[in-house]
Amino acid sequence: MIRVSSIFSRMLQLFSRAEFERAVMEHRAERDARGFTCWGQFVAMLFCQLGRAHSLREICGGLRSSEGKLKHLGITAPARLTLGP
């Protein structure tokens with residue numbers, strides 16, 4: 001069987017989720033987080049870079065359009081206020 005994967009999927013495969021979570025725990029990066037994880041932020045920012053998004057609306061819209069695929073990553077599409085500063 002021929003398996004086809006997107007560039008986004010291939011980029012995510014370069015990062016070990018276990019190592020990522022270990023670094024998050026080591027640096028206590030999620031100590032004040034409420035619902036939106038560091039992994040979710042990382043996936044959103046990677047999506048932004050690969051999709052050449054120029055605004056939060058573009059990022060959130062793109063993530064919402066791929067929400068079925070994002071569930072496999074364990075995240076949901078964030079709101080604009082969640083991604084904003």
# chains A, B, ... in the order shown; residues from 1 in each chain; ligands from 1
$ residues_around --residues "region 10-26 of chain A" --least-positions-apart "4" --cutoff "10 Å" --atoms "only C-alpha atoms" --output "PyMOL selection string"
chain A and resi 5-6+30-31+37-39+42-43+46-47+50+73
$ select_by_dssp --residues "region 12-43 of chain A" --states "alpha helix (DSSP H)" --output "VMD selection string"
chain A and resid 12 to 13 17 to 27 38 to 43
$ write_last_selection --atoms "N, CA and C atoms" --output "PDB file, in the first residue's frame"
ATOM      1  N   LEU A  12       6.009  17.481  11.326  1.00  0.00           N
ATOM      2  CA  LEU A  12       5.708  17.100  12.702  1.00  0.00           C
ATOM      3  C   LEU A  12       6.408  15.811  13.102  1.00  0.00           C
ATOM      4  N   GLN A  13       6.650  14.938  12.147  1.00  0.00           N
ATOM      5  CA  GLN A  13       7.340  13.686  12.442  1.00  0.00           C
ATOM      6  C   GLN A  13       8.804  13.915  12.824  1.00  0.00           C
ATOM      7  N   ARG A  17       7.350  13.860  20.107  1.00  0.00           N
ATOM      8  CA  ARG A  17       6.399  14.436  21.057  1.00  0.00           C
ATOM      9  C   ARG A  17       6.823  14.152  22.492  1.00  0.00           C
ATOM     10  N   ALA A  18       7.407  12.989  22.731  1.00  0.00           N
ATOM     11  CA  ALA A  18       7.865  12.640  24.084  1.00  0.00           C
ATOM     12  C   ALA A  18       8.966  13.594  24.546  1.00  0.00           C
ATOM     13  N   GLU A  19       9.918  13.898  23.671  1.00  0.00           N
ATOM     14  CA  GLU A  19      10.988  14.835  24.020  1.00  0.00           C
ATOM     15  C   GLU A  19      10.431  16.240  24.224  1.00  0.00           C
ATOM     16  N   PHE A  20       9.462  16.605  23.387  1.00  0.00           N
ATOM     17  CA  PHE A  20       8.827  17.910  23.505  1.00  0.00           C
ATOM     18  C   PHE A  20       8.140  18.033  24.869  1.00  0.00           C
ATOM     19  N   GLU A  21       7.365  17.025  25.239  1.00  0.00           N
ATOM     20  CA  GLU A  21       6.668  17.038  26.531  1.00  0.00           C
ATOM     21  C   GLU A  21       7.661  17.040  27.691  1.00  0.00           C
ATOM     22  N   ARG A  22       8.768  16.334  27.531  1.00  0.00           N
ATOM     23  CA  ARG A  22       9.800  16.314  28.572  1.00  0.00           C
ATOM     24  C   ARG A  22      10.384  17.716  28.770  1.00  0.00           C
ATOM     25  N   ALA A  23      10.635  18.415  27.679  1.00  0.00           N
ATOM     26  CA  ALA A  23      11.168  19.780  27.770  1.00  0.00           C
ATOM     27  C   ALA A  23      10.150  20.725  28.403  1.00  0.00           C
ATOM     28  N   VAL A  24       8.886  20.547  28.074  1.00  0.00           N
ATOM     29  CA  VAL A  24       7.828  21.371  28.666  1.00  0.00           C
ATOM     30  C   VAL A  24       7.779  21.157  30.176  1.00  0.00           C
ATOM     31  N   MET A  25       7.868  19.897  30.596  1.00  0.00           N
ATOM     32  CA  MET A  25       7.842  19.591  32.034  1.00  0.00           C
ATOM     33  C   MET A  25       9.094  20.134  32.726  1.00  0.00           C
ATOM     34  N   GLU A  26      10.240  19.995  32.084  1.00  0.00           N
ATOM     35  CA  GLU A  26      11.507  20.452  32.663  1.00  0.00           C
ATOM     36  C   GLU A  26      11.512  21.956  32.903  1.00  0.00           C
ATOM     37  N   HIS A  27      10.945  22.701  31.944  1.00  0.00           N
ATOM     38  CA  HIS A  27      10.949  24.158  32.039  1.00  0.00           C
ATOM     39  C   HIS A  27       9.665  24.720  32.646  1.00  0.00           C
ATOM     40  N   CYS A  38       1.234  23.669  25.222  1.00  0.00           N
ATOM     41  CA  CYS A  38       2.415  24.072  24.456  1.00  0.00           C
ATOM     42  C   CYS A  38       2.459  23.339  23.123  1.00  0.00           C
ATOM     43  N   TRP A  39       2.055  22.079  23.128  1.00  0.00           N
ATOM     44  CA  TRP A  39       2.035  21.301  21.882  1.00  0.00           C
ATOM     45  C   TRP A  39       1.049  21.921  20.900  1.00  0.00           C
ATOM     46  N   GLY A  40      -0.111  22.327  21.373  1.00  0.00           N
ATOM     47  CA  GLY A  40      -1.094  22.982  20.513  1.00  0.00           C
ATOM     48  C   GLY A  40      -0.563  24.272  19.932  1.00  0.00           C
ATOM     49  N   GLN A  41       0.131  25.043  20.751  1.00  0.00           N
ATOM     50  CA  GLN A  41       0.747  26.294  20.284  1.00  0.00           C
ATOM     51  C   GLN A  41       1.809  26.006  19.227  1.00  0.00           C
ATOM     52  N   PHE A  42       2.613  24.982  19.468  1.00  0.00           N
ATOM     53  CA  PHE A  42       3.658  24.613  18.521  1.00  0.00           C
ATOM     54  C   PHE A  42       3.059  24.198  17.181  1.00  0.00           C
ATOM     55  N   VAL A  43       2.028  23.379  17.213  1.00  0.00           N
ATOM     56  CA  VAL A  43       1.381  22.926  15.978  1.00  0.00           C
ATOM     57  C   VAL A  43       0.769  24.116  15.239  1.00  0.00           C
TER      58      VAL A  43
END
$ closest_residue --among "A:Thr76, A:Ser55, A:Thr82, A:Ser66" --to "Phe8 (chain A)" --atoms "only C-alpha atoms"
A:Ser66
$ closest_residue --among "A:Ala53, A:Arg34, A:Ser9, A:Leu63" --to "Ile75 (chain A)" --atoms "only C-alpha atoms"
A:Leu63
$ atom_distance --atom1 "CA of Leu70 (chain A)" --atom2 "CA of Arg28 (chain A)"
24.5 Å
$ closest_residue --among "A:His72, A:Arg64, A:Leu83, A:Ile7" --to "Met45 (chain A)" --atoms "only C-alpha atoms"
A:Leu83
$ residues_around --residues "Cys60 (chain A)" --least-positions-apart "3" --cutoff "7 Å" --atoms "only C-alpha atoms" --output "list of chain:residue names"
A:Leu56, A:Arg57, A:Leu63, A:Arg64, A:Ala77, A:Pro78, A:Ala79, A:Arg80
$ decode --residues "region 5-33 of chain A" --atoms "N, CA and C atoms" --output "mmCIF file, in the first residue's frame"
data_model
loop_
_atom_site.group_PDB
_atom_site.id
_atom_site.type_symbol
_atom_site.label_atom_id
_atom_site.label_comp_id
_atom_site.auth_asym_id
_atom_site.auth_seq_id
_atom_site.Cartn_x
_atom_site.Cartn_y
_atom_site.Cartn_z
ATOM 1 N N SER A 5 1.591 11.316 2.738
ATOM 2 C CA SER A 5 1.440 12.235 3.856
ATOM 3 C C SER A 5 1.792 13.644 3.406
ATOM 4 N N SER A 6 1.216 14.606 4.089
ATOM 5 C CA SER A 6 1.441 16.000 3.725
ATOM 6 C C SER A 6 2.791 16.486 4.250
ATOM 7 N N ILE A 7 3.214 17.627 3.758
ATOM 8 C CA ILE A 7 4.457 18.230 4.233
ATOM 9 C C ILE A 7 4.327 18.576 5.710
ATOM 10 N N PHE A 8 3.142 19.033 6.109
ATOM 11 C CA PHE A 8 2.892 19.357 7.508
ATOM 12 C C PHE A 8 3.081 18.125 8.391
ATOM 13 N N SER A 9 2.547 17.018 7.959
ATOM 14 C CA SER A 9 2.694 15.761 8.702
ATOM 15 C C SER A 9 4.155 15.339 8.778
ATOM 16 N N ARG A 10 4.861 15.483 7.690
ATOM 17 C CA ARG A 10 6.276 15.107 7.669
ATOM 18 C C ARG A 10 7.110 16.002 8.583
ATOM 19 N N MET A 11 6.770 17.282 8.634
ATOM 20 C CA MET A 11 7.489 18.195 9.521
ATOM 21 C C MET A 11 7.250 17.826 10.985
ATOM 22 N N LEU A 12 6.009 17.481 11.326
ATOM 23 C CA LEU A 12 5.708 17.100 12.702
ATOM 24 C C LEU A 12 6.408 15.811 13.102
ATOM 25 N N GLN A 13 6.650 14.938 12.147
ATOM 26 C CA GLN A 13 7.340 13.686 12.442
ATOM 27 C C GLN A 13 8.804 13.915 12.824
ATOM 28 N N LEU A 14 9.343 15.071 12.473
ATOM 29 C CA LEU A 14 10.731 15.393 12.813
ATOM 30 C C LEU A 14 10.904 15.682 14.303
ATOM 31 N N PHE A 15 9.794 16.007 14.983
ATOM 32 C CA PHE A 15 9.846 16.373 16.393
ATOM 33 C C PHE A 15 9.230 15.260 17.231
ATOM 34 N N SER A 16 10.001 14.738 18.149
ATOM 35 C CA SER A 16 9.502 13.701 19.043
ATOM 36 C C SER A 16 8.573 14.340 20.074
ATOM 37 N N ARG A 17 7.350 13.860 20.107
ATOM 38 C CA ARG A 17 6.399 14.436 21.057
ATOM 39 C C ARG A 17 6.823 14.152 22.492
ATOM 40 N N ALA A 18 7.407 12.989 22.731
ATOM 41 C CA ALA A 18 7.865 12.640 24.084
ATOM 42 C C ALA A 18 8.966 13.594 24.546
ATOM 43 N N GLU A 19 9.918 13.898 23.671
ATOM 44 C CA GLU A 19 10.988 14.835 24.020
ATOM 45 C C GLU A 19 10.431 16.240 24.224
ATOM 46 N N PHE A 20 9.462 16.605 23.387
ATOM 47 C CA PHE A 20 8.827 17.910 23.505
ATOM 48 C C PHE A 20 8.140 18.033 24.869
ATOM 49 N N GLU A 21 7.365 17.025 25.239
ATOM 50 C CA GLU A 21 6.668 17.038 26.531
ATOM 51 C C GLU A 21 7.661 17.040 27.691
ATOM 52 N N ARG A 22 8.768 16.334 27.531
ATOM 53 C CA ARG A 22 9.800 16.314 28.572
ATOM 54 C C ARG A 22 10.384 17.716 28.770
ATOM 55 N N ALA A 23 10.635 18.415 27.679
ATOM 56 C CA ALA A 23 11.168 19.780 27.770
ATOM 57 C C ALA A 23 10.150 20.725 28.403
ATOM 58 N N VAL A 24 8.886 20.547 28.074
ATOM 59 C CA VAL A 24 7.828 21.371 28.666
ATOM 60 C C VAL A 24 7.779 21.157 30.176
ATOM 61 N N MET A 25 7.868 19.897 30.596
ATOM 62 C CA MET A 25 7.842 19.591 32.034
ATOM 63 C C MET A 25 9.094 20.134 32.726
ATOM 64 N N GLU A 26 10.240 19.995 32.084
ATOM 65 C CA GLU A 26 11.507 20.452 32.663
ATOM 66 C C GLU A 26 11.512 21.956 32.903
ATOM 67 N N HIS A 27 10.945 22.701 31.944
ATOM 68 C CA HIS A 27 10.949 24.158 32.039
ATOM 69 C C HIS A 27 9.665 24.720 32.646
ATOM 70 N N ARG A 28 8.763 23.818 33.038
ATOM 71 C CA ARG A 28 7.471 24.184 33.632
ATOM 72 C C ARG A 28 6.741 25.217 32.778
ATOM 73 N N ALA A 29 6.701 24.974 31.486
ATOM 74 C CA ALA A 29 6.127 25.925 30.541
ATOM 75 C C ALA A 29 4.605 26.002 30.612
ATOM 76 N N GLU A 30 3.956 24.974 31.130
ATOM 77 C CA GLU A 30 2.490 24.974 31.176
ATOM 78 C C GLU A 30 1.954 25.202 32.590
ATOM 79 N N ARG A 31 2.742 25.780 33.460
ATOM 80 C CA ARG A 31 2.301 25.910 34.849
ATOM 81 C C ARG A 31 1.087 26.822 34.992
ATOM 82 N N ASP A 32 0.936 27.816 34.134
ATOM 83 C CA ASP A 32 -0.216 28.733 34.204
ATOM 84 C C ASP A 32 -1.160 28.581 33.009
ATOM 85 N N ALA A 33 -0.961 27.551 32.203
ATOM 86 C CA ALA A 33 -1.787 27.360 31.008
ATOM 87 C C ALA A 33 -3.176 26.882 31.405
#
